[in-house]
$ cat model-v6.cif   # mmCIF, C-alpha atoms
data_entry
loop_
_atom_site.label_atom_id
_atom_site.label_comp_id
_atom_site.auth_asym_id
_atom_site.auth_seq_id
_atom_site.Cartn_x
_atom_site.Cartn_y
_atom_site.Cartn_z
CA MET Z 270 0.00 0.00 0.00
CA GLN Z 271 1.29 3.45 -0.86
CA ASP Z 272 2.50 5.60 2.04
CA PRO Z 273 -0.21 8.27 2.62
CA ASN Z 274 2.46 10.66 3.94
CA ALA Z 275 4.57 10.43 0.79
CA ASP Z 276 4.88 13.53 -1.38
CA THR Z 277 3.33 12.24 -4.59
CA GLU Z 278 0.95 13.74 -7.12
CA TRP Z 279 -1.55 10.93 -6.46
CA ASN Z 280 -1.57 11.59 -2.71
CA ASP Z 281 -2.08 15.31 -3.40
CA ILE Z 282 -5.21 14.45 -5.44
CA LEU Z 283 -6.52 12.17 -2.68
CA ARG Z 284 -5.93 14.87 -0.04
CA ALA Z 285 -7.70 17.44 -2.19
CA LYS Z 286 -10.77 15.15 -2.41
CA GLY Z 287 -10.67 14.41 1.31
CA ILE Z 288 -10.00 10.70 0.80
CA ILE Z 289 -6.86 10.78 2.92
CA PRO Z 290 -6.05 13.29 5.67
CA GLU Z 291 -3.69 16.20 5.19
CA LYS Z 292 -0.06 15.36 5.73
CA GLU Z 293 1.12 16.09 9.24
CA GLN Z 294 3.65 18.92 9.26
CA GLU Z 295 7.09 17.88 10.42
CA VAL Z 296 8.40 19.49 13.59
CA THR Z 297 11.88 20.85 13.04
CA GLU Z 298 14.56 21.61 15.63
CA ASP Z 299 13.84 25.32 15.19
CA ASP Z 300 10.18 24.64 16.02
CA VAL Z 301 11.21 22.87 19.23
CA VAL Z 302 13.50 25.75 20.22
CA HIS Z 303 10.71 28.24 19.52
CA MET Z 304 8.30 26.27 21.70
CA LEU Z 305 10.82 26.18 24.53
CA GLU Z 306 11.43 29.91 24.22
CA GLN Z 307 7.70 30.55 24.29
CA THR Z 308 7.37 28.44 27.43
CA ILE Z 309 10.12 30.42 29.14
CA GLN Z 310 8.55 33.71 28.12
CA ASP Z 311 5.18 32.56 29.43
CA LYS Z 312 6.81 31.84 32.77
CA ALA Z 313 8.39 35.27 32.60
CA ARG Z 314 4.84 36.69 32.48
CA GLY Z 315 5.11 37.86 28.90
CA LYS Z 316 8.35 39.84 29.21
CA ASP Z 317 10.80 39.10 26.42
CA LEU Z 318 14.09 37.62 27.54
CA CYS Z 319 15.98 40.16 25.44
CA ASP Z 320 14.43 42.92 27.58
CA MET Z 321 15.51 41.34 30.88
CA SER Z 322 18.53 42.33 32.91
CA LEU Z 323 21.05 39.72 34.02
CA ASP Z 324 19.57 39.79 37.54
CA GLU Z 325 16.10 39.07 36.15
CA LEU Z 326 17.45 36.19 34.10
CA GLU Z 327 19.05 34.70 37.23
CA ASP Z 328 15.77 35.04 39.15
CA LYS Z 329 13.88 33.18 36.42
CA GLU Z 330 16.44 30.39 36.31
CA ASP Z 331 14.86 28.74 39.37
CA ASP Z 332 11.54 28.42 37.52
CA ILE Z 333 12.83 26.33 34.60
CA ASP Z 334 13.48 22.63 34.23
CA GLU Z 335 16.58 20.89 32.89
CA GLU Z 336 15.28 20.79 29.34
CA GLU Z 337 14.83 24.54 29.29
CA GLU Z 338 18.05 25.35 31.12
CA ARG Z 339 20.20 25.08 28.00
CA ILE Z 340 18.10 27.69 26.20
CA PHE Z 341 18.13 29.98 29.22
CA GLU Z 342 21.91 29.78 29.56
CA ALA Z 343 22.34 30.60 25.88
CA TYR Z 344 20.23 33.72 26.35
CA ARG Z 345 22.31 34.78 29.35
CA ARG Z 346 25.57 34.45 27.41
CA GLN Z 347 24.09 36.35 24.48
CA ARG Z 348 22.93 39.19 26.72
CA MET Z 349 26.36 39.45 28.35
CA ALA Z 350 28.04 39.60 24.94
CA GLU Z 351 25.62 42.29 23.77
CA MET Z 352 26.22 44.37 26.90
CA LYS Z 353 30.01 44.11 26.52
CA ALA Z 354 29.80 45.07 22.85
CA ALA Z 355 27.62 48.07 23.67
CA ALA Z 356 30.02 49.18 26.41
CA ALA Z 357 32.98 48.90 24.05
CA LYS Z 358 31.25 50.99 21.40
CA SER Z 359 30.41 53.66 23.97
CA LYS Z 360 33.96 53.84 25.27
CA PHE Z 361 34.60 57.41 24.06
CA GLY Z 362 31.91 59.59 22.45
CA SER Z 363 33.46 63.00 23.16
CA VAL Z 364 36.59 65.00 22.31
CA LEU Z 365 39.32 64.79 24.95
CA GLU Z 366 41.56 67.80 25.57
CA ILE Z 367 45.15 66.80 26.38
CA THR Z 368 48.54 68.35 27.14
CA LYS Z 369 52.07 67.25 26.28
CA GLU Z 370 52.20 65.19 29.48
CA ASP Z 371 49.11 63.22 28.41
CA TRP Z 372 50.39 62.37 24.93
CA VAL Z 373 51.93 58.96 25.58
CA ARG Z 374 49.11 57.72 27.82
CA GLU Z 375 46.19 58.99 25.74
CA ILE Z 376 47.60 58.45 22.25
CA ASN Z 377 50.50 55.98 22.10
CA LYS Z 378 48.94 53.78 24.77
CA ALA Z 379 45.29 54.25 23.85
CA GLY Z 380 44.76 50.49 23.54
CA ASP Z 381 45.04 47.67 21.04
CA GLY Z 382 43.16 48.40 17.85
CA VAL Z 383 41.98 51.84 19.02
CA TRP Z 384 42.09 54.57 16.40
CA VAL Z 385 43.06 58.01 17.71
CA VAL Z 386 42.38 61.23 15.81
CA LEU Z 387 44.36 64.17 17.24
CA HIS Z 388 43.64 67.75 16.23
CA VAL Z 389 46.47 70.18 16.99
CA TYR Z 390 44.93 73.66 16.97
CA LYS Z 391 45.19 77.22 18.22
CA PRO Z 392 42.32 79.28 19.64
CA GLY Z 393 41.38 82.20 17.39
CA ILE Z 394 42.05 80.42 14.09
CA PRO Z 395 38.61 80.03 12.45
CA LEU Z 396 39.44 76.83 10.55
CA CYS Z 397 40.68 75.21 13.78
CA THR Z 398 37.41 76.17 15.48
CA LEU Z 399 35.44 74.68 12.60
CA ILE Z 400 37.36 71.39 12.73
CA ASN Z 401 36.85 71.19 16.50
CA GLN Z 402 33.10 71.40 15.87
CA HIS Z 403 33.30 68.63 13.28
CA MET Z 404 35.33 66.52 15.70
CA MET Z 405 32.66 66.83 18.40
CA GLU Z 406 29.95 65.66 16.01
CA LEU Z 407 32.03 62.76 14.71
CA ALA Z 408 32.97 61.72 18.25
CA ARG Z 409 29.28 61.27 19.04
CA LYS Z 410 28.65 59.42 15.79
CA PHE Z 411 31.68 57.12 16.14
CA PRO Z 412 32.16 56.47 19.90
CA ASP Z 413 34.59 53.63 19.20
CA VAL Z 414 37.10 56.15 17.77
CA LYS Z 415 39.10 58.27 20.19
CA PHE Z 416 38.97 61.94 19.19
CA VAL Z 417 41.54 64.17 20.90
CA LYS Z 418 42.53 67.82 20.62
CA SER Z 419 45.39 69.87 22.00
CA VAL Z 420 46.56 73.48 21.76
CA SER Z 421 49.74 73.57 19.66
CA SER Z 422 51.79 75.55 22.18
CA VAL Z 423 50.81 73.10 24.92
CA CYS Z 424 51.59 69.82 23.17
CA ILE Z 425 54.34 70.70 20.65
CA PRO Z 426 56.65 73.57 21.70
CA ASN Z 427 57.48 76.04 18.90
CA TYR Z 428 55.02 74.42 16.50
CA PRO Z 429 54.52 76.99 13.69
CA ASP Z 430 51.10 78.51 13.20
CA LYS Z 431 51.39 77.97 9.44
CA ASN Z 432 50.98 74.23 10.11
CA LEU Z 433 47.59 74.72 11.74
CA PRO Z 434 45.23 73.05 11.73
CA THR Z 435 47.00 69.68 11.91
CA ILE Z 436 45.37 66.28 12.26
CA PHE Z 437 47.37 63.21 13.25
CA VAL Z 438 45.95 59.69 13.08
CA TYR Z 439 47.34 56.97 15.37
CA THR Z 440 46.61 53.32 16.05
CA ASP Z 441 48.52 50.78 18.13
CA GLY Z 442 50.97 53.48 19.14
CA GLU Z 443 52.02 54.41 15.60
CA MET Z 444 51.20 57.39 13.43
CA LYS Z 445 49.32 56.24 10.32
CA LYS Z 446 48.38 59.53 8.68
CA GLN Z 447 48.81 63.28 9.02
CA TRP Z 448 47.29 66.37 7.46
CA VAL Z 449 49.46 69.42 8.17
CA GLY Z 450 48.31 72.92 7.29
CA PRO Z 451 45.15 74.62 6.02
CA HIS Z 452 45.72 73.60 2.37
CA ASN Z 453 44.63 70.05 3.34
CA PHE Z 454 41.13 71.13 4.34
CA GLY Z 455 39.95 73.54 1.64
CA GLY Z 456 39.17 76.54 3.83
CA MET Z 457 36.05 77.44 5.78
CA ASN Z 458 33.80 75.51 3.39
CA PHE Z 459 35.26 72.28 4.77
CA LYS Z 460 32.30 70.12 5.83
CA ARG Z 461 31.96 67.53 8.55
CA ASP Z 462 31.14 64.86 5.97
CA GLU Z 463 34.39 65.67 4.16
CA LEU Z 464 36.36 65.00 7.34
CA GLU Z 465 34.39 61.81 7.91
CA TRP Z 466 35.17 60.68 4.35
CA LEU Z 467 38.90 61.45 4.72
CA LEU Z 468 39.06 59.40 7.93
CA SER Z 469 37.11 56.53 6.40
CA GLN Z 470 39.50 56.39 3.45
CA ASN Z 471 42.35 55.82 5.90
CA GLY Z 472 40.65 53.01 7.83
CA VAL Z 473 39.81 55.05 10.93
CA LEU Z 474 36.05 54.51 10.77
CA LYS Z 475 33.32 52.90 8.68
CA THR Z 476 31.19 55.58 7.13
CA ASP Z 477 27.65 55.33 5.81
CA LEU Z 478 28.49 57.89 3.12
CA GLU Z 479 28.24 56.40 -0.35
CA GLY Z 480 31.00 58.57 -1.77
CA PRO Z 481 32.89 61.85 -1.36
CA PRO Z 482 30.46 64.55 -0.15
CA LYS Z 483 31.64 66.74 -3.01
CA GLN Z 484 34.23 66.56 -5.73
CA GLY Z 485 36.44 68.92 -3.79
CA VAL Z 486 37.32 66.18 -1.31
CA ASP Z 487 39.28 64.30 -3.95
CA ASP Z 488 40.99 67.55 -4.86
CA VAL Z 489 41.94 68.11 -1.23
CA MET Z 490 43.37 64.60 -0.98
CA SER Z 491 45.31 65.07 -4.22
CA ARG Z 492 46.78 68.34 -2.99
CA ALA Z 493 47.76 66.66 0.26
CA VAL Z 494 49.73 64.05 -1.66
CA ARG Z 495 51.38 66.58 -3.94
CA GLU Z 496 52.37 68.80 -1.04
CA SER Z 497 53.62 66.04 1.25
CA ALA Z 498 57.14 67.34 0.65
CA ILE Z 499 56.05 70.68 2.08
CA ASP Z 500 54.75 68.90 5.17
CA SER Z 501 58.10 67.18 5.60
CA ASP Z 502 59.90 70.52 5.45
CA ASP Z 503 57.48 71.94 8.02
CA GLU Z 504 58.26 69.08 10.40
CA ASN Z 505 61.91 70.08 10.33
CA ASP Z 506 60.91 73.55 11.54
CA TRP Z 507 59.40 72.30 14.84
#

$ encode --input "model-v6.cif" --output "structure tokens"
Amino acid sequence: MQDPNADTEWNDILRAKGIIPEKEQEVTEDDVVHMLEQTIQDKARGKDLCDMSLDELEDKEDDIDEEEERIFEAYRRQRMAEMKAAAAKSKFGSVLEITKEDWVREINKAGDGVWVVLHVYKPGIPLCTLINQHMMELARKFPDVKFVKSVSSVCIPNYPDKNLPTIFVYTDGEMKKQWVGPHNFGGMNFKRDELEWLLSQNGVLKTDLEGPPKQGVDDVMSRAVRESAIDSDDENDW
């Protein structure tokens, strides 16, 4: 006799005419897990596990049996991982003002894999003020990046004003990129998105911008490459 649960065209015709019952739906492992999760949530009085604190999860642990314990423990580990990840991403979120004495601790020893963006500036220079504003906005948007600023006379003695503003990029204790002097930023029309794009192109952050905010950004980057020799000469003047 043909298996009534077999997936055949003949059985489909018989089911359609009501001669044989509909095929019972198979219960998968995902279905079992879902049922267990639903049971746990019912015992939690309708509150989703993902909305519970670790203390609440521990309190509910006494109400579950051995079969459900594995699922509960998995949720606890997941919640701990999510909390650690959130804490790591919120590590910074603002612009730190430093002095020469703070340099090694805050920049060279910022931590493994931490990107540091340092703006060397001078009060009263409009472009420096503008970049400080952009830095504050980017620090909030990218709290996993360490944004730092320092007055030139405080962190680098005898640093020439013609080199301002200057942005240094560090990671793992090493300088990876520098933009020295106003010619790198295109004047007072320099936008926050342009700075974000420049940093993203050097691996500092992952931007949601689809491309350069305006064509001028590529021009700024090209000028920076062409005038790198000028930057090197400026460094010898410190």

$ atom_distance --input "model-v6.cif" --atom1 "atom CA of Ile376 of chain Z" --atom2 "atom CA of Trp448 of chain Z"
16.8 Å

$ atom_distance --input "model-v6.cif" --atom1 "atom CA of Lys418 of chain Z" --atom2 "atom CA of Val389 of chain Z"
5.9 Å

$ closest_residue --input "model-v6.cif" --among "Z:Ser363, Z:Asn458, Z:Ser469, Z:Asn377" --to "Ala408 of chain Z" --atoms "only C-alpha atoms"
Z:Ser363

$ atom_distance --input "model-v6.cif" --atom1 "atom CA of Gly472 of chain Z" --atom2 "atom CA of Ala350 of chain Z"
25.1 Å

$ axis_aligned_box --input "model-v6.cif" --around "segment 430-438 of chain Z" --padding-each-side "6 Å" --output "AutoDock Vina command-line options"
--center_x 48.3 --center_y 69.1 --center_z 11.3 --size_x 18.2 --size_y 30.8 --size_z 15.8

$ resolve_selection --input "model-v6.cif" --expression "the PyMOL selection byres ((chain Z and resi 422) around 12)" --output "PyMOL selection string"
chain Z and resi 367-369+389-392+419-421+423-430+433+507

$ residues_around --input "model-v6.cif" --residues "segment 460-467 of chain Z" --least-positions-apart "4" --cutoff "7 Å" --atoms "only C-alpha atoms" --output "NGL selection string"
:Z and (403 or 471 or 481-482 or 486)

$ write_last_selection --input "model-v6.cif" --atoms "C-alpha atoms" --output "compact mmCIF listing (two decimals), keeping the file's coordinate frame"
# COMPACT_ATOMS: atom_id res chain seq x y z
CA HIS Z 403 33.30 68.63 13.28
CA ASN Z 471 42.35 55.82 5.90
CA PRO Z 481 32.89 61.85 -1.36
CA PRO Z 482 30.46 64.55 -0.15
CA VAL Z 486 37.32 66.18 -1.31

$ residues_around --input "model-v6.cif" --residues "Leu474 of chain Z" --least-positions-apart "5" --cutoff "12 Å" --atoms "all atoms listed in the file" --output "PyMOL selection string"
chain Z and resi 382-386+407-408+410-416+438+440+464-469

$ closest_residue --input "model-v6.cif" --among "Z:Gly480, Z:Gly380, Z:Ala285, Z:Phe361" --to "Asp441 of chain Z" --atoms "all atoms listed in the file"
Z:Gly380

$ closest_residue --input "model-v6.cif" --among "Z:Gly287, Z:Gly450, Z:Gly362, Z:Pro434" --to "Pro395 of chain Z" --atoms "all atoms listed in the file"
Z:Pro434
